[in-house]
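Okay, so here's the structure we're looking at.
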Amino acid sequence: MLTDDQGYADLGCHGNSIIQTPTIDAFHSRAVRFTQFHVGSTCAPTRSGILTGLNCNSAGVWHTIGGAALLRLGVKTLPEVLSENGYATGLFGKWHLGDDYPYRPHDRGFQETVYHRGGGLTQVSDHWGNDYFNDTFLANGKPKSYTGYCTDVFFDEAFQFFRQHRAEPFCCFITPNAPHSPLNVEKKYRDLYAKDDIPDERRRFYGMITNIDENFSRLEKLLRELNLEENTILIFSTDNGTATGCDIDDHQFVTNGFNSGMRGKKASPFEGGHRVPFFLRYPAGGIEAGRDIGTLASYTDFMPTLLDFCGAKCPVVEGRSLRPLLEDKKTPREFNKRALVADTQRIPQPIKWRLSSVMKGEWRLINGRELYDLSTDPEQRTDISAKHRPVVADLRAEYEQWWALCSRQFNEISPTHIGSAKCPQVDLTTQELRNENSDVVYHQGQVRVAQACVGWWDIFAERTGTYEVILRRWPAEAGYGITAGIEGFDVDTGPAELIEPSAITMYRDGKALDVYGAALQIDGQQWYADIKKDASHVTFTVKLKKGLHTLRAWFSGGNNVHRATVISPYYVTIKPAGRTQSKKFMPDSERT
């Protein structure tokens, strides 16, 4: 179980006296706890490392948008290995490693999936109008409407998976989008914290976590009812430091809220950015007594550890199995000697030393310059690099080895595949638009105000043929005209106070777009078309050879020629032309 944007300090068992997490706290008391477990500091990078055993940069995932959140092809994933070893595999919740073929969860080893596109609900690639209540998600890639709160839905779907596969080995990832923003949650959960002198957004954030805790209680109860508790490895963790549990100043010191005495939060190179809870319990394997392990451990260790317990051969990875630490209270020498690196890139191409932390024992080298000793300075307040030059040199050397390992893959392109019989239609969005600064439109509020962005998509045609490229300003399910303005989203699932005030922008009125022309460019060749009145899309029919291509598209116009609008379409659909008449392009689901 992996939650989204919940940090180490957002649990009662880690000293938070306000938050209500009784079930997870009780699980903590019965589990083995890694107190120095480190991840990728933001969502998609952490998920890539957990599923591949590779550092996120090696896996091609160092951002959450801009084409740098696509899990590199050719990398073996944990669910792929377990599937080959007779396991049923399922994922329910957030994926965030690619919205289109061949990057979707069911393309990468998960046999059963219910998930949302993008990095969170209300983002551009998510189903239009989702608001956490009664939303539309993808069941193995097909849109399906669900009733209830998003976190409850993902747990319910996972429970069906448990029941269906109770008599066989299975691997299930429950990955709720909560407590990621927007912080939409039922009033009863927010009201749990009404007596505390904390901001409204933190009440919502904590309420979302309490809802997760209730679902965790349901999970444990079901495992007991199905007689699965003893022989199931149950893990609770999160994907990065807290997003909302505290506020920090310009130096990343906590100004209010609670962060377990750590400096920094989500995306920070300091401890609060990438140190997360990691609790594991496996009664049949003798791993159930409450015990802390203070040895440095990494998200890259997740895959080799599980495969070790499951008796499956692990591919070449950059992490190592934690089984020796879990089964023996003595720490093997190689664990004490190793160094770990966490960094935050969030740019088109990684930059050496950027927002990095090199960790070895209690030492922390930040950005290649500042040195801290957590044993005497857990809040990382005093830089002691000048007093410990040999330590700095050692940690810099460790980073150089790590960078050499990861940087070999930086220039590999992860294109979206088109023309595949497995997935004839792909739906690109500006969320994965590539440009020089990752300045892209990634949430629906930006679509509504017609925020401009330009860039390109990398595509790979699996076969030579004729393709339709369809450009839209609004998603197909919305059905609005390209130039149309629209009214704000009517929250019909309950009182407006369910929606976080700062997230109202996600549902505000949509701006009319003053454009009259559309253009498509592929590998330098260009096509143009007029935008017809009230048209919801513009379609270009093009011939492409098998292979890699660069696609750019834009709408243009405006009354003042010197200030003409140039804006990428937020939604681009590509499919073989006339595919309904061609068996070559027909998916298995449409064959008779």
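By order of appearance in the structure tokens: chains A, B, ..., then residues from 1 within every chain, and ligands from 1 in the order shown.
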
Exercise: Asp131 (chain A) partners within 8 Å, only C-alpha atoms, chain neighbours under 5 positions left out, as number ranges by chain: A: 121-122, 184, 499

Let's have the selection written as a compact mmCIF listing (two decimals), in the first residue's frame, with N, CA and C atoms.
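Printed below is again-v1.txt as written:
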# COMPACT_ATOMS: atom_id res chain seq x y z
N LEU A 121 -6.11 13.25 -9.76
CA LEU A 121 -7.41 13.65 -10.26
C LEU A 121 -7.42 15.15 -10.53
N THR A 122 -8.13 15.55 -11.58
CA THR A 122 -8.26 16.92 -12.10
C THR A 122 -7.07 17.34 -12.96
N ASN A 184 -9.89 17.34 -1.71
CA ASN A 184 -11.35 17.19 -1.66
C ASN A 184 -11.68 15.98 -0.80
N ILE A 499 -15.18 20.69 -1.81
CA ILE A 499 -14.08 21.02 -2.69
C ILE A 499 -13.14 22.00 -2.00

Write out as a list in words the residues lying within 8 Å of Val81 (chain A), counting only C-alpha atoms and excluding same-chain residues fewer than 4 positions away. Lys76, Thr77, Asn85, Gly109, Ala312, Lys313 and Cys314 of chain A

Create the file for the chosen residues now, containing C-alpha atoms and written as a compact mmCIF listing (two decimals), in the first residue's frame.
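selection_37.txt was written with the following content:
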# COMPACT_ATOMS: atom_id res chain seq x y z
CA LYS A 76 11.63 -5.55 -16.35
CA THR A 77 9.01 -4.71 -13.73
CA ASN A 85 6.06 -16.98 -11.74
CA GLY A 109 2.75 -6.55 -15.96
CA ALA A 312 11.50 -15.62 -7.96
CA LYS A 313 14.70 -14.80 -9.81
CA CYS A 314 15.41 -11.08 -9.78

For Pro199 (chain A), list every protein, DNA or RNA residue within 12 Å, evaluated using only C-alpha atoms, and leave out those in the same chain fewer than 3 positions away; present the list as a compact mmCIF listing (two decimals) with C-alpha atoms, in the first residue's frame.
# COMPACT_ATOMS: atom_id res chain seq x y z
CA ARG A 190 -12.33 17.54 7.93
CA TYR A 193 -9.77 18.42 13.13
CA ALA A 194 -12.08 21.42 13.58
CA LYS A 195 -10.96 21.94 17.19
CA ASP A 196 -7.30 22.14 16.26
CA ARG A 202 -4.29 20.70 6.58
CA ARG A 203 -7.60 19.65 8.13
CA ARG A 204 -8.56 18.29 4.74
CA PHE A 205 -5.16 16.65 4.28
CA TYR A 206 -5.35 14.95 7.69
CA THR A 244 0.73 19.61 3.32
CA GLY A 245 1.59 18.44 6.85
CA CYS A 246 3.82 21.46 7.51
CA ASP A 247 4.96 24.77 6.07
CA ASN A 256 4.33 25.45 11.46
CA GLY A 257 2.83 22.00 11.41
CA GLU A 500 -10.87 22.59 -1.45
CA PRO A 501 -11.17 26.39 -1.87

So that I can see what lies close to region 27-39 of chain A, please list as a ChimeraX atom specification the residues with an atom at most 8 Å from it, counting only C-alpha atoms and leaving out residues fewer than 2 positions away in the same chain. /A:13,23-25,41,46,239-240,274-281,287-299,326,342

Would you output that residue set with C-alpha atoms, as a CSV table (one decimal), in the first residue's frame?
chain,number,residue,atom,x,y,z
A,13,CYS,CA,3.0,6.5,15.6
A,23,THR,CA,-5.1,1.4,12.6
A,24,ILE,CA,-1.8,2.2,10.9
A,25,ASP,CA,-0.4,3.1,14.3
A,41,SER,CA,11.2,12.7,-3.3
A,46,THR,CA,9.4,6.8,-6.5
A,239,ASP,CA,5.9,8.1,-2.1
A,240,ASN,CA,7.7,11.2,-0.8
A,274,HIS,CA,12.6,11.7,0.8
A,275,ARG,CA,12.5,9.8,4.2
A,276,VAL,CA,9.2,8.0,4.4
A,277,PRO,CA,7.5,5.3,6.6
A,278,PHE,CA,8.1,1.7,5.6
A,279,PHE,CA,6.3,-0.9,7.7
A,280,LEU,CA,6.4,-4.6,6.7
A,281,ARG,CA,4.7,-7.6,8.4
A,287,ILE,CA,8.4,-11.0,10.6
A,288,GLU,CA,5.8,-9.6,12.9
A,289,ALA,CA,7.2,-8.5,16.2
A,290,GLY,CA,7.5,-4.7,16.5
A,291,ARG,CA,11.1,-3.8,15.7
A,292,ASP,CA,12.9,-0.8,14.3
A,293,ILE,CA,15.7,-1.1,11.7
A,294,GLY,CA,17.8,2.0,11.5
A,295,THR,CA,20.0,0.9,8.6
A,296,LEU,CA,19.7,2.9,5.4
A,297,ALA,CA,17.3,1.4,2.9
A,298,SER,CA,16.0,2.5,-0.5
A,299,TYR,CA,12.9,2.2,-2.7
A,326,LEU,CA,14.3,-8.4,8.2
A,342,ALA,CA,18.1,10.8,-3.6

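Between CA of Lys360 (chain A) and CA of Tyr372 (chain A) the interatomic distance comes to 10.9 Å.
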
Strand (DSSP E) residues, from DSSP on the backbone, in region 297-418 of chain A, as a PyMOL selection string: chain A and resi 297-298+340-343+356-360+363-366+370-373+416-418

For the residues selected in the previous step, produce a file with C-alpha atoms as a compact mmCIF listing (two decimals), in the first residue's frame.
# COMPACT_ATOMS: atom_id res chain seq x y z
CA ALA A 297 17.27 1.38 2.93
CA SER A 298 15.99 2.47 -0.46
CA LEU A 340 22.36 6.02 -1.22
CA VAL A 341 21.43 9.02 -3.35
CA ALA A 342 18.11 10.84 -3.57
CA ASP A 343 17.61 13.75 -5.92
CA SER A 356 20.69 15.91 -4.27
CA SER A 357 21.39 14.12 -1.01
CA VAL A 358 24.18 11.58 -0.67
CA MET A 359 23.55 9.41 2.39
CA LYS A 360 25.97 7.14 4.19
CA TRP A 363 26.16 11.63 7.02
CA ARG A 364 24.22 13.72 4.51
CA LEU A 365 25.90 15.64 1.67
CA ILE A 366 23.44 18.15 0.19
CA GLU A 370 26.79 21.08 2.49
CA LEU A 371 27.54 18.32 5.00
CA TYR A 372 25.38 17.35 7.99
CA ASP A 373 25.66 14.72 10.71
CA THR A 416 4.35 6.75 -27.42
CA HIS A 417 3.62 3.92 -29.87
CA ILE A 418 0.95 4.33 -32.53

Close residues, Leu433 (chain A) itself excluded, 12 Å, only C-alpha atoms, min 4 positions apart in chain, as a ChimeraX atom specification: /A:64-70,124-125,348,415-416,428-429,437-442,453-459,550-553,568-572

Restricting the output to C-alpha atoms, write the selected residues as a PDB file, in the first residue's frame.
ATOM      1  CA  THR A  64       6.068  14.002 -13.079  1.00  0.00           C
ATOM      2  CA  ILE A  65       5.208  15.688 -16.414  1.00  0.00           C
ATOM      3  CA  GLY A  66       6.859  16.715 -19.681  1.00  0.00           C
ATOM      4  CA  GLY A  67       7.578  13.229 -21.008  1.00  0.00           C
ATOM      5  CA  ALA A  68       9.923  12.415 -18.135  1.00  0.00           C
ATOM      6  CA  ALA A  69       7.398  10.271 -16.242  1.00  0.00           C
ATOM      7  CA  LEU A  70       7.320   7.424 -18.779  1.00  0.00           C
ATOM      8  CA  VAL A 124      -5.254  17.202 -17.890  1.00  0.00           C
ATOM      9  CA  SER A 125      -5.181  13.516 -18.783  1.00  0.00           C
ATOM     10  CA  PRO A 348      13.667  18.042 -19.106  1.00  0.00           C
ATOM     11  CA  PRO A 415       8.037   7.537 -27.427  1.00  0.00           C
ATOM     12  CA  THR A 416       4.346   6.748 -27.425  1.00  0.00           C
ATOM     13  CA  LEU A 428      -1.851  12.351 -26.001  1.00  0.00           C
ATOM     14  CA  THR A 429      -2.165  15.382 -23.749  1.00  0.00           C
ATOM     15  CA  ASN A 437      11.739  23.950 -19.675  1.00  0.00           C
ATOM     16  CA  SER A 438       8.881  21.533 -18.791  1.00  0.00           C
ATOM     17  CA  ASP A 439       6.517  24.510 -18.899  1.00  0.00           C
ATOM     18  CA  VAL A 440       3.411  22.540 -19.846  1.00  0.00           C
ATOM     19  CA  VAL A 441      -0.310  22.575 -19.101  1.00  0.00           C
ATOM     20  CA  TYR A 442      -0.931  19.704 -16.713  1.00  0.00           C
ATOM     21  CA  CYS A 453       2.183  26.060 -24.001  1.00  0.00           C
ATOM     22  CA  VAL A 454       4.090  24.731 -26.996  1.00  0.00           C
ATOM     23  CA  GLY A 455       6.349  21.741 -27.530  1.00  0.00           C
ATOM     24  CA  TRP A 456       6.413  18.306 -29.115  1.00  0.00           C
ATOM     25  CA  TRP A 457       5.553  14.657 -28.597  1.00  0.00           C
ATOM     26  CA  ASP A 458       7.789  11.743 -29.562  1.00  0.00           C
ATOM     27  CA  ILE A 459       5.827   8.995 -31.301  1.00  0.00           C
ATOM     28  CA  THR A 550       8.448  14.161 -33.737  1.00  0.00           C
ATOM     29  CA  LEU A 551       4.938  15.635 -33.672  1.00  0.00           C
ATOM     30  CA  ARG A 552       4.068  19.274 -33.065  1.00  0.00           C
ATOM     31  CA  ALA A 553       0.630  20.850 -33.302  1.00  0.00           C
ATOM     32  CA  SER A 568      -0.808  23.612 -28.426  1.00  0.00           C
ATOM     33  CA  PRO A 569      -3.975  21.531 -28.499  1.00  0.00           C
ATOM     34  CA  TYR A 570      -4.319  20.055 -25.033  1.00  0.00           C
ATOM     35  CA  TYR A 571      -5.644  16.765 -26.433  1.00  0.00           C
ATOM     36  CA  VAL A 572      -4.348  14.875 -29.487  1.00  0.00           C
TER      37      VAL A 572
END

One decimal, in Å: what's the spacing between CA of Trp403 (chain A) and CA of Pro378 (chain A)? 26.2 Å

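CA of Pro45 (chain A) is positioned 27.7 Å from CA of Gly86 (chain A).
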
From a DSSP pass on the backbone, collect the residues of region 57-207 of chain A flagged as alpha helix (DSSP H) and hand them back as a ChimeraX atom specification. /A:78-84,150-164,187-190,200-207

Keeping N, CA and C atoms, export the residues of the selection given above as a tab-separated table (two decimals), in the first residue's frame.
chain	number	residue	atom	x	y	z
A	78	LEU	N	8.44	-5.49	-11.54
A	78	LEU	CA	8.07	-6.46	-10.52
A	78	LEU	C	6.84	-7.26	-10.91
A	79	PRO	N	5.73	-6.63	-11.36
A	79	PRO	CA	4.57	-7.44	-11.73
A	79	PRO	C	4.83	-8.35	-12.93
A	80	GLU	N	5.71	-7.95	-13.83
A	80	GLU	CA	6.05	-8.83	-14.95
A	80	GLU	C	6.74	-10.09	-14.45
A	81	VAL	N	7.69	-9.93	-13.55
A	81	VAL	CA	8.40	-11.10	-13.01
A	81	VAL	C	7.45	-12.00	-12.24
A	82	LEU	N	6.60	-11.41	-11.41
A	82	LEU	CA	5.68	-12.22	-10.63
A	82	LEU	C	4.64	-12.90	-11.51
A	83	SER	N	4.20	-12.23	-12.56
A	83	SER	CA	3.26	-12.87	-13.50
A	83	SER	C	3.89	-14.10	-14.12
A	84	GLU	N	5.16	-14.00	-14.47
A	84	GLU	CA	5.87	-15.14	-15.06
A	84	GLU	C	6.04	-16.28	-14.06
A	150	CYS	N	-13.13	8.39	-3.99
A	150	CYS	CA	-12.08	7.73	-4.78
A	150	CYS	C	-11.28	6.71	-3.97
A	151	THR	N	-10.84	7.06	-2.77
A	151	THR	CA	-10.04	6.13	-1.97
A	151	THR	C	-10.84	4.88	-1.64
A	152	ASP	N	-12.11	5.06	-1.26
A	152	ASP	CA	-12.96	3.91	-0.95
A	152	ASP	C	-13.11	3.01	-2.18
A	153	VAL	N	-13.25	3.63	-3.36
A	153	VAL	CA	-13.41	2.85	-4.60
A	153	VAL	C	-12.19	2.00	-4.87
A	154	PHE	N	-11.01	2.58	-4.74
A	154	PHE	CA	-9.80	1.82	-5.04
A	154	PHE	C	-9.62	0.64	-4.07
A	155	PHE	N	-9.94	0.86	-2.80
A	155	PHE	CA	-9.88	-0.25	-1.85
A	155	PHE	C	-10.93	-1.31	-2.18
A	156	ASP	N	-12.14	-0.89	-2.50
A	156	ASP	CA	-13.19	-1.85	-2.84
A	156	ASP	C	-12.78	-2.72	-4.02
A	157	GLU	N	-12.19	-2.11	-5.03
A	157	GLU	CA	-11.76	-2.88	-6.20
A	157	GLU	C	-10.63	-3.84	-5.84
A	158	ALA	N	-9.74	-3.41	-4.96
A	158	ALA	CA	-8.68	-4.30	-4.51
A	158	ALA	C	-9.26	-5.48	-3.73
A	159	PHE	N	-10.28	-5.21	-2.94
A	159	PHE	CA	-10.89	-6.30	-2.14
A	159	PHE	C	-11.53	-7.34	-3.06
A	160	GLN	N	-12.13	-6.91	-4.16
A	160	GLN	CA	-12.66	-7.88	-5.11
A	160	GLN	C	-11.54	-8.74	-5.68
A	161	PHE	N	-10.39	-8.10	-5.92
A	161	PHE	CA	-9.22	-8.83	-6.42
A	161	PHE	C	-8.77	-9.87	-5.40
A	162	PHE	N	-8.74	-9.51	-4.11
A	162	PHE	CA	-8.38	-10.46	-3.05
A	162	PHE	C	-9.29	-11.68	-3.09
A	163	ARG	N	-10.58	-11.42	-3.14
A	163	ARG	CA	-11.55	-12.52	-3.10
A	163	ARG	C	-11.41	-13.43	-4.32
A	164	GLN	N	-11.20	-12.81	-5.46
A	164	GLN	CA	-11.11	-13.59	-6.69
A	164	GLN	C	-9.87	-14.47	-6.72
A	187	LYS	N	-16.93	16.24	4.47
A	187	LYS	CA	-16.89	17.19	5.59
A	187	LYS	C	-16.64	16.48	6.92
A	188	LYS	N	-17.18	15.29	7.10
A	188	LYS	CA	-17.03	14.61	8.38
A	188	LYS	C	-15.57	14.33	8.72
A	189	TYR	N	-14.73	14.15	7.72
A	189	TYR	CA	-13.31	13.90	7.99
A	189	TYR	C	-12.59	15.20	8.31
A	190	ARG	N	-12.94	16.25	7.62
A	190	ARG	CA	-12.33	17.54	7.93
A	190	ARG	C	-12.73	18.00	9.32
A	200	ASP	N	-7.25	25.22	7.06
A	200	ASP	CA	-8.28	24.37	6.47
A	200	ASP	C	-7.68	23.29	5.57
A	201	GLU	N	-6.66	23.66	4.77
A	201	GLU	CA	-6.10	22.67	3.85
A	201	GLU	C	-5.45	21.51	4.62
A	202	ARG	N	-4.89	21.79	5.80
A	202	ARG	CA	-4.29	20.70	6.58
A	202	ARG	C	-5.37	19.85	7.24
A	203	ARG	N	-6.48	20.44	7.62
A	203	ARG	CA	-7.60	19.65	8.13
A	203	ARG	C	-8.07	18.67	7.06
A	204	ARG	N	-8.15	19.16	5.85
A	204	ARG	CA	-8.56	18.29	4.74
A	204	ARG	C	-7.52	17.19	4.50
A	205	PHE	N	-6.27	17.59	4.49
A	205	PHE	CA	-5.16	16.65	4.28
A	205	PHE	C	-5.18	15.55	5.34
A	206	TYR	N	-5.29	15.94	6.61
A	206	TYR	CA	-5.35	14.95	7.69
A	206	TYR	C	-6.63	14.11	7.57
A	207	GLY	N	-7.74	14.75	7.17
A	207	GLY	CA	-8.98	13.99	7.02
A	207	GLY	C	-8.86	12.91	5.95

Write out as an mmCIF file with N, CA and C atoms, in the first residue's frame which residues come within 7 Å of Gly98 (chain A) when counting only C-alpha atoms, dropping same-chain ones fewer than 2 positions away.
data_model
loop_
_atom_site.group_PDB
_atom_site.id
_atom_site.type_symbol
_atom_site.label_atom_id
_atom_site.label_comp_id
_atom_site.auth_asym_id
_atom_site.auth_seq_id
_atom_site.Cartn_x
_atom_site.Cartn_y
_atom_site.Cartn_z
ATOM 1 N N ALA A 69 8.041 11.161 -17.215
ATOM 2 C CA ALA A 69 7.398 10.271 -16.242
ATOM 3 C C ALA A 69 6.973 8.975 -16.925
ATOM 4 N N LEU A 70 7.632 8.638 -18.037
ATOM 5 C CA LEU A 70 7.320 7.424 -18.779
ATOM 6 C C LEU A 70 8.360 6.364 -18.440
ATOM 7 N N LEU A 71 7.911 5.264 -17.853
ATOM 8 C CA LEU A 71 8.822 4.206 -17.432
ATOM 9 C C LEU A 71 9.501 3.587 -18.649
ATOM 10 N N HIS A 96 0.784 6.644 -12.797
ATOM 11 C CA HIS A 96 1.668 7.798 -13.031
ATOM 12 C C HIS A 96 3.006 7.438 -13.678
ATOM 13 N N ASP A 100 -0.362 6.278 -22.025
ATOM 14 C CA ASP A 100 -0.655 5.662 -23.317
ATOM 15 C C ASP A 100 0.199 4.424 -23.549
ATOM 16 N N TYR A 103 2.932 2.134 -22.092
ATOM 17 C CA TYR A 103 3.389 2.506 -20.751
ATOM 18 C C TYR A 103 2.334 2.310 -19.669
ATOM 19 N N ARG A 104 1.141 1.906 -20.040
ATOM 20 C CA ARG A 104 0.049 1.772 -19.068
ATOM 21 C C ARG A 104 0.306 0.601 -18.117
#
